[in-house]
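Heads up, protein-v1.txt below (compact mmCIF, C-alpha atoms and all ligand atoms):
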```txt
# COMPACT_ATOMS: atom_id res chain seq x y z
CA MET P 798 -5.23 77.26 -49.46
CA SER P 799 -6.57 76.30 -46.07
CA ALA P 800 -5.31 73.98 -43.40
CA GLU P 801 -8.91 73.58 -42.32
CA ILE P 802 -9.87 71.65 -45.42
CA THR P 803 -9.86 68.31 -43.69
CA GLY P 804 -12.41 66.15 -41.95
CA ALA P 805 -14.02 62.77 -42.39
CA CYS P 806 -17.12 62.65 -44.48
CA PRO P 807 -19.24 59.51 -44.52
CA ARG P 808 -21.61 58.63 -47.33
CA GLN P 809 -23.89 61.62 -47.78
CA THR P 810 -27.42 62.07 -48.89
CA ASN P 811 -27.87 64.77 -51.48
CA ASP P 812 -29.22 67.37 -49.14
CA SER P 813 -27.30 66.85 -45.91
CA ALA P 814 -24.12 68.64 -44.92
CA CYS P 815 -21.04 66.77 -43.75
CA PRO P 816 -21.58 66.31 -40.01
CA ALA P 817 -18.89 66.71 -37.39
CA GLN P 818 -16.98 63.49 -36.85
CA ASP P 819 -15.29 61.84 -33.94
CA SER P 820 -11.56 62.00 -34.38
CA PRO P 821 -10.54 59.15 -36.68
CA GLN P 822 -7.72 58.57 -34.18
CA ASP P 823 -10.38 57.35 -31.75
CA SER P 824 -12.30 55.08 -34.08
CA PRO P 825 -10.40 52.54 -36.14
CA GLY P 826 -13.66 51.32 -37.73
CA SER P 827 -14.42 50.22 -41.23
CA LEU P 828 -13.88 52.54 -44.18
CA GLU P 829 -17.10 51.38 -45.85
CA GLY P 830 -19.05 54.39 -47.08
CA MET P 831 -16.29 56.85 -46.12
CA SER P 832 -14.94 59.60 -48.33
CA VAL P 833 -11.22 60.24 -48.23
CA VAL P 834 -10.32 63.91 -48.64
CA THR P 835 -7.10 63.62 -46.64
CA LEU P 836 -5.58 60.68 -44.80
CA ASP P 837 -6.56 62.48 -41.60
CA ASP P 838 -10.00 61.10 -42.44
CA MET P 839 -8.92 57.67 -41.24
CA SER P 840 -7.05 56.15 -38.33
CA THR P 841 -3.41 55.12 -38.56
CA THR P 842 -4.64 51.54 -38.12
CA ASN P 843 -6.73 52.00 -41.27
CA ILE P 844 -3.68 53.31 -43.13
CA LEU P 845 -1.57 50.33 -42.11
CA ASP P 846 -4.44 48.00 -43.03
CA ILE P 847 -4.50 49.53 -46.53
CA LEU P 848 -0.77 48.88 -46.87
CA ASP P 849 -1.25 45.29 -45.68
CA ARG P 850 -4.07 44.78 -48.17
CA ALA P 851 -2.01 46.24 -51.01
CA ALA P 852 0.78 43.76 -50.23
CA TYR P 853 -1.77 40.92 -50.14
CA ILE P 854 -3.30 42.00 -53.46
CA ASP P 855 0.13 42.01 -55.09
CA HIS P 856 0.49 38.29 -54.40
CA HIS P 857 -3.17 37.29 -54.89
CA ARG P 858 -4.15 38.99 -58.15
CA ARG P 859 -6.38 36.14 -59.29
CA GLU P 860 -8.13 35.71 -55.92
CA VAL P 861 -9.09 39.40 -55.77
CA SER P 862 -10.12 39.76 -59.40
CA HIS P 863 -13.87 39.54 -58.67
CA THR P 864 -13.90 41.56 -55.44
CA CYS P 865 -15.79 44.47 -56.99
CA ASP P 866 -17.89 42.65 -59.58
CA GLY P 867 -20.82 44.87 -60.52
CA ARG P 868 -19.30 48.03 -59.03
CA VAL P 869 -18.76 51.24 -60.97
CA LEU P 870 -15.99 53.79 -60.36
CA ALA P 871 -16.42 57.32 -61.74
CA THR P 872 -13.25 59.32 -62.38
CA LEU P 873 -13.86 63.06 -62.58
CA PHE P 874 -10.57 64.64 -63.60
CA TYR P 875 -10.70 68.41 -64.02
CA GLU P 876 -6.88 68.56 -64.24
CA PRO P 877 -4.37 66.65 -66.37
CA SER P 878 -3.23 63.25 -65.18
CA THR P 879 -1.65 60.12 -66.59
CA ARG P 880 -0.74 57.86 -63.69
CA THR P 881 -3.32 58.79 -61.12
CA ARG P 882 -6.38 58.45 -63.34
CA LEU P 883 -5.19 55.31 -65.10
CA SER P 884 -4.17 53.87 -61.76
CA PHE P 885 -7.59 54.50 -60.17
CA GLU P 886 -9.26 53.02 -63.24
CA THR P 887 -6.97 50.00 -63.54
CA ALA P 888 -7.47 49.33 -59.85
CA MET P 889 -11.24 49.03 -60.30
CA LEU P 890 -10.90 47.01 -63.51
CA ARG P 891 -8.51 44.56 -61.80
CA LEU P 892 -11.05 44.14 -59.00
CA GLY P 893 -13.72 43.18 -61.54
CA GLY P 894 -15.57 46.51 -61.58
CA LYS P 895 -16.22 49.01 -64.36
CA VAL P 896 -15.24 52.61 -64.95
CA ILE P 897 -16.96 55.75 -66.22
CA GLY P 898 -15.84 59.38 -66.20
CA PHE P 899 -14.09 62.20 -67.95
CA ALA P 900 -10.55 63.49 -68.21
CA GLY P 901 -10.40 67.20 -68.88
CA ALA P 902 -13.02 69.66 -67.70
CA GLN P 903 -13.65 70.75 -71.29
CA LEU P 904 -15.42 67.44 -71.84
CA ALA P 905 -17.82 67.90 -68.95
CA SER P 906 -20.79 70.11 -68.14
CA VAL P 907 -18.54 72.34 -66.07
CA THR P 908 -17.98 74.27 -69.31
CA LYS P 909 -21.74 74.99 -69.24
CA GLY P 910 -21.36 76.36 -65.72
CA GLU P 911 -22.30 73.31 -63.64
CA SER P 912 -21.11 73.35 -60.01
CA ILE P 913 -19.06 70.54 -58.47
CA SER P 914 -21.95 69.82 -56.11
CA ASP P 915 -24.43 69.38 -58.94
CA THR P 916 -22.00 67.17 -60.87
CA LEU P 917 -21.59 64.96 -57.79
CA LYS P 918 -25.32 64.89 -57.06
CA THR P 919 -25.67 63.53 -60.58
CA VAL P 920 -22.70 61.19 -60.91
CA SER P 921 -23.17 59.62 -57.49
CA ASN P 922 -26.42 58.13 -58.81
CA TYR P 923 -24.41 56.27 -61.45
CA ALA P 924 -21.35 55.11 -59.53
CA ASP P 925 -20.45 53.30 -56.29
CA VAL P 926 -17.30 55.36 -55.73
CA VAL P 927 -15.92 58.57 -57.25
CA ALA P 928 -12.31 59.71 -57.68
CA ILE P 929 -11.99 63.46 -58.25
CA ARG P 930 -9.05 65.66 -59.21
CA HIS P 931 -9.58 69.41 -59.31
CA PRO P 932 -7.34 72.50 -59.47
CA LYS P 933 -9.04 74.14 -56.47
CA GLU P 934 -8.11 73.38 -52.87
CA GLY P 935 -11.20 72.13 -51.06
CA ALA P 936 -12.96 70.82 -54.17
CA ALA P 937 -12.79 67.22 -52.98
CA LEU P 938 -14.43 68.15 -49.69
CA VAL P 939 -17.23 69.95 -51.51
CA ALA P 940 -17.64 66.89 -53.72
CA ALA P 941 -17.75 64.55 -50.71
CA GLN P 942 -20.42 66.64 -49.06
CA ALA P 943 -22.64 66.50 -52.13
CA SER P 944 -22.13 62.84 -52.98
CA ARG P 945 -24.29 59.85 -52.06
CA VAL P 946 -21.28 57.56 -52.45
CA PRO P 947 -17.66 57.71 -51.21
CA VAL P 948 -15.44 60.29 -52.88
CA ILE P 949 -11.66 59.84 -53.01
CA ASN P 950 -9.51 62.93 -53.45
CA ALA P 951 -7.14 62.39 -56.36
CA GLY P 952 -5.52 65.80 -55.79
CA ASP P 953 -7.13 69.16 -54.93
CA GLY P 954 -4.98 72.06 -56.06
CA GLY P 955 -1.88 72.52 -53.92
CA HIS P 956 -3.59 70.97 -50.91
CA MET P 957 -3.58 67.18 -50.60
CA HIS P 958 -3.11 63.96 -52.54
CA PRO P 959 -3.88 61.15 -50.11
CA THR P 960 -3.62 58.16 -52.44
CA GLN P 961 -0.18 59.29 -53.63
CA THR P 962 0.84 59.30 -49.97
CA LEU P 963 -0.41 55.72 -49.59
CA ALA P 964 1.78 54.79 -52.58
CA ASP P 965 4.72 56.60 -50.96
CA LEU P 966 4.21 54.83 -47.63
CA ALA P 967 3.95 51.44 -49.34
CA THR P 968 7.23 52.17 -51.11
CA LEU P 969 8.97 53.22 -47.90
CA ARG P 970 7.74 50.13 -46.16
CA SER P 971 8.91 47.83 -48.93
CA ARG P 972 12.33 49.53 -49.02
CA PHE P 973 12.95 49.92 -45.27
CA GLY P 974 10.41 47.65 -43.56
CA ARG P 975 9.17 50.73 -41.67
CA ILE P 976 7.79 54.24 -42.11
CA THR P 977 9.31 55.69 -38.93
CA HIS P 978 12.91 56.24 -37.76
CA LEU P 979 13.75 57.91 -41.06
CA THR P 980 15.43 61.09 -42.25
CA VAL P 981 13.29 62.22 -45.17
CA GLY P 982 14.49 64.91 -47.56
CA LEU P 983 11.83 66.66 -49.65
CA CYS P 984 13.22 68.65 -52.52
CA GLY P 985 11.82 71.10 -55.06
CA ASP P 986 8.46 72.84 -55.01
CA LEU P 987 7.44 72.51 -51.38
CA THR P 988 4.93 75.37 -51.64
CA PHE P 989 2.60 73.98 -54.26
CA GLY P 990 3.49 70.26 -54.20
CA ARG P 991 0.41 68.63 -52.70
CA THR P 992 2.11 65.24 -52.50
CA VAL P 993 4.66 66.76 -50.13
CA HIS P 994 1.96 68.23 -47.88
CA SER P 995 0.06 64.94 -47.71
CA LEU P 996 3.19 62.92 -47.01
CA ILE P 997 4.47 65.17 -44.22
CA GLU P 998 1.05 65.29 -42.59
CA THR P 999 0.79 61.52 -42.57
CA LEU P 1000 4.35 60.73 -41.51
CA CYS P 1001 3.82 63.08 -38.56
CA ARG P 1002 0.95 60.88 -37.40
CA PHE P 1003 3.27 57.89 -37.19
CA GLY P 1004 6.05 60.01 -35.73
CA ASP P 1005 9.82 59.71 -35.45
CA VAL P 1006 10.81 61.36 -38.71
CA HIS P 1007 13.31 64.14 -39.29
CA PHE P 1008 12.36 66.16 -42.37
CA VAL P 1009 14.97 67.99 -44.41
CA LEU P 1010 13.11 70.57 -46.49
CA ILE P 1011 15.16 71.52 -49.55
CA SER P 1012 13.74 74.29 -51.70
CA PRO P 1013 14.45 77.70 -53.18
CA GLU P 1014 13.46 80.65 -50.99
CA GLU P 1015 10.35 81.24 -53.10
CA LEU P 1016 9.06 77.66 -52.79
CA THR P 1017 9.34 76.86 -49.11
CA THR P 1018 6.93 74.70 -47.13
CA PRO P 1019 3.63 76.37 -46.10
CA GLN P 1020 3.33 77.37 -42.46
CA TYR P 1021 0.39 75.04 -41.79
CA VAL P 1022 2.58 72.07 -42.77
CA LEU P 1023 5.49 73.30 -40.61
CA ASP P 1024 3.03 73.72 -37.73
CA ARG P 1025 2.09 70.09 -38.12
CA ILE P 1026 5.71 69.04 -37.70
CA ASP P 1027 6.17 71.44 -34.79
CA SER P 1028 3.17 69.98 -33.00
CA THR P 1029 4.56 66.43 -33.27
CA PRO P 1030 7.11 65.98 -30.48
CA SER P 1031 8.92 63.08 -32.13
CA CYS P 1032 9.31 64.91 -35.47
CA SER P 1033 11.56 67.79 -36.44
CA TYR P 1034 12.71 69.64 -39.54
CA THR P 1035 15.50 71.68 -40.99
CA GLU P 1036 15.22 73.91 -44.05
CA THR P 1037 18.01 74.36 -46.58
CA ARG P 1038 18.62 75.53 -50.15
CA ASP P 1039 21.50 73.13 -50.84
CA LEU P 1040 20.80 69.53 -51.83
CA SER P 1041 24.47 68.44 -52.08
CA GLU P 1042 25.16 69.59 -48.54
CA VAL P 1043 22.48 67.35 -46.99
CA ILE P 1044 22.06 64.42 -49.37
CA GLY P 1045 24.52 62.25 -47.42
CA ASP P 1046 22.30 62.42 -44.30
CA LEU P 1047 19.12 61.20 -45.97
CA ASP P 1048 17.38 57.81 -45.91
CA VAL P 1049 14.82 59.07 -48.42
CA LEU P 1050 15.04 61.79 -51.04
CA TYR P 1051 11.59 62.80 -52.32
CA MET P 1052 12.09 64.87 -55.47
CA THR P 1053 9.26 67.00 -56.85
CA ARG P 1054 8.46 68.92 -60.01
CA VAL P 1055 8.07 72.69 -59.89
CA GLN P 1056 4.29 73.02 -60.30
CA LYS P 1057 4.14 75.19 -63.41
CA GLU P 1058 0.33 75.26 -63.47
CA ARG P 1059 0.18 76.96 -60.05
CA PHE P 1060 2.49 79.86 -60.97
CA PHE P 1061 1.09 83.28 -61.78
CA ASN P 1062 4.20 84.32 -63.63
CA GLU P 1063 5.93 82.31 -66.37
CA ASP P 1064 9.30 84.03 -65.74
CA ASP P 1065 9.32 82.84 -62.13
CA TYR P 1066 8.62 79.30 -63.26
CA LEU P 1067 11.43 79.38 -65.84
CA ARG P 1068 13.86 80.75 -63.28
CA LEU P 1069 13.04 78.13 -60.65
CA ARG P 1070 12.26 74.97 -62.57
CA ASP P 1071 15.80 73.63 -62.85
CA THR P 1072 17.01 74.59 -59.38
CA TYR P 1073 17.58 70.94 -58.43
CA ILE P 1074 18.64 68.21 -60.81
CA LEU P 1075 19.54 64.87 -59.32
CA ASP P 1076 22.18 63.19 -61.44
CA GLU P 1077 24.64 60.34 -60.81
CA SER P 1078 27.33 62.63 -59.48
CA LYS P 1079 25.03 64.11 -56.83
CA LEU P 1080 23.60 60.70 -56.08
CA SER P 1081 27.10 59.37 -55.42
CA LEU P 1082 27.16 61.58 -52.29
CA SER P 1083 24.21 59.69 -50.79
CA LYS P 1084 23.99 56.52 -48.66
CA PRO P 1085 24.05 53.33 -50.74
CA ASP P 1086 20.55 52.40 -49.56
CA MET P 1087 18.92 55.82 -49.79
CA ALA P 1088 15.61 55.63 -51.68
CA VAL P 1089 14.83 58.22 -54.34
CA LEU P 1090 11.09 58.84 -54.63
CA HIS P 1091 9.19 61.12 -57.01
CA PRO P 1092 5.41 61.22 -57.53
CA LEU P 1093 6.01 61.80 -61.26
CA PRO P 1094 5.75 63.24 -63.84
CA ARG P 1095 9.36 64.38 -63.78
CA VAL P 1096 10.50 67.22 -65.95
CA ASN P 1097 14.22 67.75 -65.32
CA GLU P 1098 14.52 66.99 -61.61
CA ILE P 1099 15.99 63.53 -62.04
CA ALA P 1100 18.40 62.71 -64.85
CA VAL P 1101 17.39 59.59 -66.78
CA GLU P 1102 20.75 57.99 -65.87
CA VAL P 1103 19.49 57.69 -62.28
CA ASP P 1104 16.69 55.31 -63.34
CA ASP P 1105 19.07 52.34 -63.39
CA ASP P 1106 20.50 53.07 -59.95
CA PRO P 1107 19.15 50.71 -57.26
CA ARG P 1108 18.28 53.76 -55.18
CA ALA P 1109 15.65 54.84 -57.75
CA ALA P 1110 12.25 53.85 -56.32
CA TYR P 1111 9.88 56.03 -58.37
CA PHE P 1112 8.60 53.35 -60.71
CA GLU P 1113 7.97 51.12 -57.67
CA GLN P 1114 5.82 53.98 -56.38
CA VAL P 1115 3.73 53.77 -59.56
CA ARG P 1116 3.14 50.07 -59.05
CA ASN P 1117 2.33 50.58 -55.37
CA GLY P 1118 -0.08 53.35 -56.35
CA MET P 1119 -2.27 50.91 -58.22
CA LEU P 1120 -2.15 48.36 -55.40
CA VAL P 1121 -3.10 50.84 -52.65
CA ARG P 1122 -5.94 52.17 -54.82
CA MET P 1123 -7.22 48.61 -55.26
CA ALA P 1124 -7.18 48.24 -51.48
CA LEU P 1125 -8.86 51.59 -50.84
CA GLU P 1126 -11.54 51.30 -53.53
CA SER P 1127 -12.59 47.87 -52.29
CA MET P 1128 -12.69 49.11 -48.68
CA VAL P 1129 -14.82 52.21 -49.25
CA VAL P 1130 -17.40 50.28 -51.25
CA GLY P 1131 -17.40 47.58 -48.57
CA ASP P 1132 -16.18 44.59 -50.61
CA GLU P 1133 -13.89 42.11 -48.88
CA LEU P 1134 -10.81 40.75 -50.64
CA GLU P 1135 -11.15 37.01 -51.00
CA GLY P 1136 -8.83 35.18 -48.63
CA TYR P 1137 -7.57 38.30 -46.86
CA GLU P 1138 -7.47 38.02 -43.06
CA PRO P 1139 -7.16 41.42 -41.38
CA THR P 1140 -4.48 41.29 -38.71
CA ARG P 1141 -4.98 44.74 -37.24
CA SER P 1142 -7.63 45.51 -34.65
CA GLY P 1143 -8.06 47.50 -31.48
CA PRO P 1144 -7.17 51.12 -30.96
CA PRO P 1145 -5.25 52.79 -33.73
CA SER P 1146 -1.65 53.82 -33.27
CA GLY P 1147 -1.60 57.61 -33.31
CA PRO P 1148 1.47 59.83 -32.95
CA ALA P 1149 1.46 59.33 -29.17
CA CYS P 1150 1.90 55.58 -29.65
CA ALA P 1151 4.55 56.12 -32.28
CA GLN P 1152 6.48 58.27 -29.86
CA SER P 1153 6.53 55.52 -27.31
CA GLY P 1154 7.60 53.08 -29.98
CA LYS P 1155 4.31 51.19 -30.00
CA ALA P 1156 3.30 51.73 -33.61
CA ALA P 1157 3.44 48.32 -35.25
CA ILE P 1158 4.29 49.17 -38.79
C1 LIG P 1201 1.54 64.59 -58.71
C2 LIG P 1201 0.30 65.46 -58.60
O1 LIG P 1201 -0.57 65.44 -59.46
O2 LIG P 1201 0.23 66.16 -57.60
N1 LIG P 1201 1.42 63.61 -59.69
C3 LIG P 1201 0.76 62.45 -59.39
O3 LIG P 1201 -0.40 62.44 -59.10
N2 LIG P 1201 1.46 61.34 -59.38
C4 LIG P 1201 2.79 65.37 -58.80
C5 LIG P 1201 2.95 66.36 -59.89
O4 LIG P 1201 2.07 66.55 -60.73
O5 LIG P 1201 4.00 66.99 -59.92
```

The structure in this file should be written as structure tokens.
Amino acid sequence: MSAEITGACPRQTNDSACPAQDSPQDSPGSLEGMSVVTLDDMSTTNILDILDRAAYIDHHRREVSHTCDGRVLATLFYEPSTRTRLSFETAMLRLGGKVIGFAGAQLASVTKGESISDTLKTVSNYADVVAIRHPKEGAALVAAQASRVPVINAGDGGHMHPTQTLADLATLRSRFGRITHLTVGLCGDLTFGRTVHSLIETLCRFGDVHFVLISPEELTTPQYVLDRIDSTPSCSYTETRDLSEVIGDLDVLYMTRVQKERFFNEDDYLRLRDTYILDESKLSLSKPDMAVLHPLPRVNEIAVEVDDDPRAAYFEQVRNGMLVRMALESMVVGDELEGYEPTRSGPPSGPACAQSGKAAI
């Protein structure tokens, strides 16, 4: 896995490499034609604009239902998925567009030995936007470089999952009215959980978050993610093995599944998979307004009894996931939402602004 697998990538022609970009922090700009490999590919103003649009869409379903008439989304899913693929697809269908694609590499020409680049050079002639999920870190970047149309990373190995982070941020904002000034606990598989890496990276850009990293010794947070926190003056972290000891301090508890598919050894997975189980008795130690998030699917990490607790926010995340994907898909293809008036302009609010309390979230 590489921390270097980042970088903006605008719409590509088939034979050009992804050129060096100005820092997205310096150029709020439009997302039209842009690929999204990580959220570092866009400014913080863009991120907030996506959240604003998602909230608008939620209350203007009919008005936005023809936004992407005539557009085609291709979903290329080389790894299993329920929510993410259906959410990307539903998003385009609800905007008036159509969907093509495959779910499961065994159904695609990859089984005949086709490269990701060749698949993208082909599919990007058919579609206006592509969502790709792949087990290898960096696959989405390779896809973006080969594609004529914007590519959205729907998860590349243990690296990043930017649209899940947008869903997480939308959920935090609807619960707390902010995405800063929070103590955020992340619990479970912090080594391989790409949603955790994406979320930390992005929260650091807004600043003012204390992370409590709760994991077994074998599944701690990768150094490149810790470095990101360390290089953000307004953010900090502590690491612990004990959920009960820290749960009372948290505003947010982000539970994750132990990523079975990324283990080399089945015995290790079996030993670690049930390390943390959030049940009502543990939850009773938390603040009454703590929010429990989980990107889903859950295995055993959250007892079903927790679903009815007002602190459970994971099915809200699912709903927000579709809304943020509607916003993002329409933006990268360059279609405006009917009736939506953007309220954000001017320089984006990077971590420096967040530190000085200027980030308008
Ligand atoms: C996550 C993923 O695929 O990384 N799921 C999702 O997209 N909502 C989390 C997981 O699989 O554990």

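The binding environment of ligand LIG 1201 (chain P), defined as every protein, DNA or RNA residue with an atom no more than 6 Å away and counting all atoms listed in the file, comprises Arg880, Thr881, Arg991, Thr992, Arg1054, Pro1092, Leu1093 and Pro1094 of chain P.
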
Pick from P:Gly830, P:Pro1139, P:Pro932, P:Gly898 nearest to Leu883 in chain P, counting only C-alpha atoms: P:Gly898

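Nearest-residue note for Glu1036 in chain P: choosing from P:Gln903, P:Thr1053, P:Thr842, P:Thr1017, the minimum distance belongs to P:Thr1017, counting all atoms listed in the file.
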
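If all atoms listed in the file are the atoms counted, then among P:Tyr923, P:Tyr853, P:Gly974, P:Ala936 the closest residue to Glu1135 in chain P is P:Tyr853.
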
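Near Ala951 in chain P, within 7 Å and counting only C-alpha atoms, sit Ala928, Ile929, Arg930, His958 and Thr960 of chain P; same-chain residues fewer than 6 positions away were not included.
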
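CA of Gly826 in chain P to CA of Leu966 in chain P spans 20.7 Å [interatomic distance, one decimal].
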
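For the pair CA of Glu886 in chain P and CA of Leu1120 in chain P, the interatomic distance is 11.6 Å.
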
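In this structure, CA of Pro959 in chain P sits 21.4 Å away from CA of Ile897 in chain P.
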
Distance query 12 Å from (14.3, 53.5, -43.0) using only C-alpha atoms, result as a PyMOL selection string: chain P and resi 966+968-981+1005-1007+1047-1050+1084+1086-1088+1158

Go ahead and write the selection's residues with C-alpha atoms as an mmCIF file, keeping the file's coordinate frame.
```cif
data_model
loop_
_atom_site.group_PDB
_atom_site.id
_atom_site.type_symbol
_atom_site.label_atom_id
_atom_site.label_comp_id
_atom_site.auth_asym_id
_atom_site.auth_seq_id
_atom_site.Cartn_x
_atom_site.Cartn_y
_atom_site.Cartn_z
ATOM 1 C CA LEU P 966 4.210 54.830 -47.630
ATOM 2 C CA THR P 968 7.230 52.170 -51.110
ATOM 3 C CA LEU P 969 8.970 53.220 -47.900
ATOM 4 C CA ARG P 970 7.740 50.130 -46.160
ATOM 5 C CA SER P 971 8.910 47.830 -48.930
ATOM 6 C CA ARG P 972 12.330 49.530 -49.020
ATOM 7 C CA PHE P 973 12.950 49.920 -45.270
ATOM 8 C CA GLY P 974 10.410 47.650 -43.560
ATOM 9 C CA ARG P 975 9.170 50.730 -41.670
ATOM 10 C CA ILE P 976 7.790 54.240 -42.110
ATOM 11 C CA THR P 977 9.310 55.690 -38.930
ATOM 12 C CA HIS P 978 12.910 56.240 -37.760
ATOM 13 C CA LEU P 979 13.750 57.910 -41.060
ATOM 14 C CA THR P 980 15.430 61.090 -42.250
ATOM 15 C CA VAL P 981 13.290 62.220 -45.170
ATOM 16 C CA ASP P 1005 9.820 59.710 -35.450
ATOM 17 C CA VAL P 1006 10.810 61.360 -38.710
ATOM 18 C CA HIS P 1007 13.310 64.140 -39.290
ATOM 19 C CA LEU P 1047 19.120 61.200 -45.970
ATOM 20 C CA ASP P 1048 17.380 57.810 -45.910
ATOM 21 C CA VAL P 1049 14.820 59.070 -48.420
ATOM 22 C CA LEU P 1050 15.040 61.790 -51.040
ATOM 23 C CA LYS P 1084 23.990 56.520 -48.660
ATOM 24 C CA ASP P 1086 20.550 52.400 -49.560
ATOM 25 C CA MET P 1087 18.920 55.820 -49.790
ATOM 26 C CA ALA P 1088 15.610 55.630 -51.680
ATOM 27 C CA ILE P 1158 4.290 49.170 -38.790
#
```

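Close contacts of Thr916 in chain P, defined as residues with an atom at most 12 Å away when counting only C-alpha atoms, with chain neighbours fewer than 5 positions off set aside, comprise Asn811, Ala871, Thr872, Leu873, Tyr875, Gly898, Phe899, Ala902, Ala905, Ser906, Val907, Thr908, Lys909, Gly910, Glu911, Ser921, Asn922, Tyr923, Val927, Ile929, Ala936, Val939, Ala940, Ala941, Gln942, Ala943, Ser944 and Arg945 of chain P.
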
Can those selected residues be exported to a file as a CSV table (one decimal), keeping the file's coordinate frame so that it contains C-alpha atoms?
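Now in out00.csv:
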```
chain,number,residue,atom,x,y,z
P,811,ASN,CA,-27.9,64.8,-51.5
P,871,ALA,CA,-16.4,57.3,-61.7
P,872,THR,CA,-13.2,59.3,-62.4
P,873,LEU,CA,-13.9,63.1,-62.6
P,875,TYR,CA,-10.7,68.4,-64.0
P,898,GLY,CA,-15.8,59.4,-66.2
P,899,PHE,CA,-14.1,62.2,-68.0
P,902,ALA,CA,-13.0,69.7,-67.7
P,905,ALA,CA,-17.8,67.9,-69.0
P,906,SER,CA,-20.8,70.1,-68.1
P,907,VAL,CA,-18.5,72.3,-66.1
P,908,THR,CA,-18.0,74.3,-69.3
P,909,LYS,CA,-21.7,75.0,-69.2
P,910,GLY,CA,-21.4,76.4,-65.7
P,911,GLU,CA,-22.3,73.3,-63.6
P,921,SER,CA,-23.2,59.6,-57.5
P,922,ASN,CA,-26.4,58.1,-58.8
P,923,TYR,CA,-24.4,56.3,-61.4
P,927,VAL,CA,-15.9,58.6,-57.2
P,929,ILE,CA,-12.0,63.5,-58.2
P,936,ALA,CA,-13.0,70.8,-54.2
P,939,VAL,CA,-17.2,70.0,-51.5
P,940,ALA,CA,-17.6,66.9,-53.7
P,941,ALA,CA,-17.8,64.6,-50.7
P,942,GLN,CA,-20.4,66.6,-49.1
P,943,ALA,CA,-22.6,66.5,-52.1
P,944,SER,CA,-22.1,62.8,-53.0
P,945,ARG,CA,-24.3,59.8,-52.1
```

From P:Cys984, P:Leu1023, P:Leu938, P:Leu996, residue lying nearest Thr962 in chain P [all atoms listed in the file]: P:Leu996

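Shortest separation to Ser1031 in chain P among P:Val1101, P:Arg1002, P:Arg1116, P:Leu1016 occurs at residue P:Arg1002, atoms counted being all atoms listed in the file.
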
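Nearest to Val833 in chain P of all the residues P:Asp953, P:Asp1064, P:Glu1058, P:Glu1133 is P:Asp953, counting all atoms listed in the file.
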
With C-alpha atoms retained, output range 866-890 of chain P as a CSV table (one decimal), in the first residue's frame.
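As written to disk, selection-v2.csv reads:
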```csv
chain,number,residue,atom,x,y,z
P,866,ASP,CA,-30.9,12.6,-18.6
P,867,GLY,CA,-29.0,10.8,-21.3
P,868,ARG,CA,-26.0,10.1,-19.2
P,869,VAL,CA,-24.5,6.6,-18.6
P,870,LEU,CA,-22.7,5.4,-15.5
P,871,ALA,CA,-20.5,2.3,-15.7
P,872,THR,CA,-19.9,0.4,-12.5
P,873,LEU,CA,-16.8,-1.9,-12.7
P,874,PHE,CA,-16.8,-3.9,-9.5
P,875,TYR,CA,-14.0,-6.4,-9.2
P,876,GLU,CA,-14.8,-7.0,-5.5
P,877,PRO,CA,-18.0,-7.8,-3.7
P,878,SER,CA,-20.4,-5.0,-2.8
P,879,THR,CA,-24.0,-4.5,-1.9
P,880,ARG,CA,-24.4,-1.0,-0.8
P,881,THR,CA,-21.7,0.8,-2.7
P,882,ARG,CA,-22.6,-0.5,-6.1
P,883,LEU,CA,-26.3,-0.3,-5.7
P,884,SER,CA,-25.9,3.2,-4.2
P,885,PHE,CA,-23.8,4.4,-7.2
P,886,GLU,CA,-26.3,2.9,-9.6
P,887,THR,CA,-29.4,4.2,-7.8
P,888,ALA,CA,-27.9,7.6,-7.7
P,889,MET,CA,-27.6,7.8,-11.4
P,890,LEU,CA,-31.0,6.3,-12.0
```
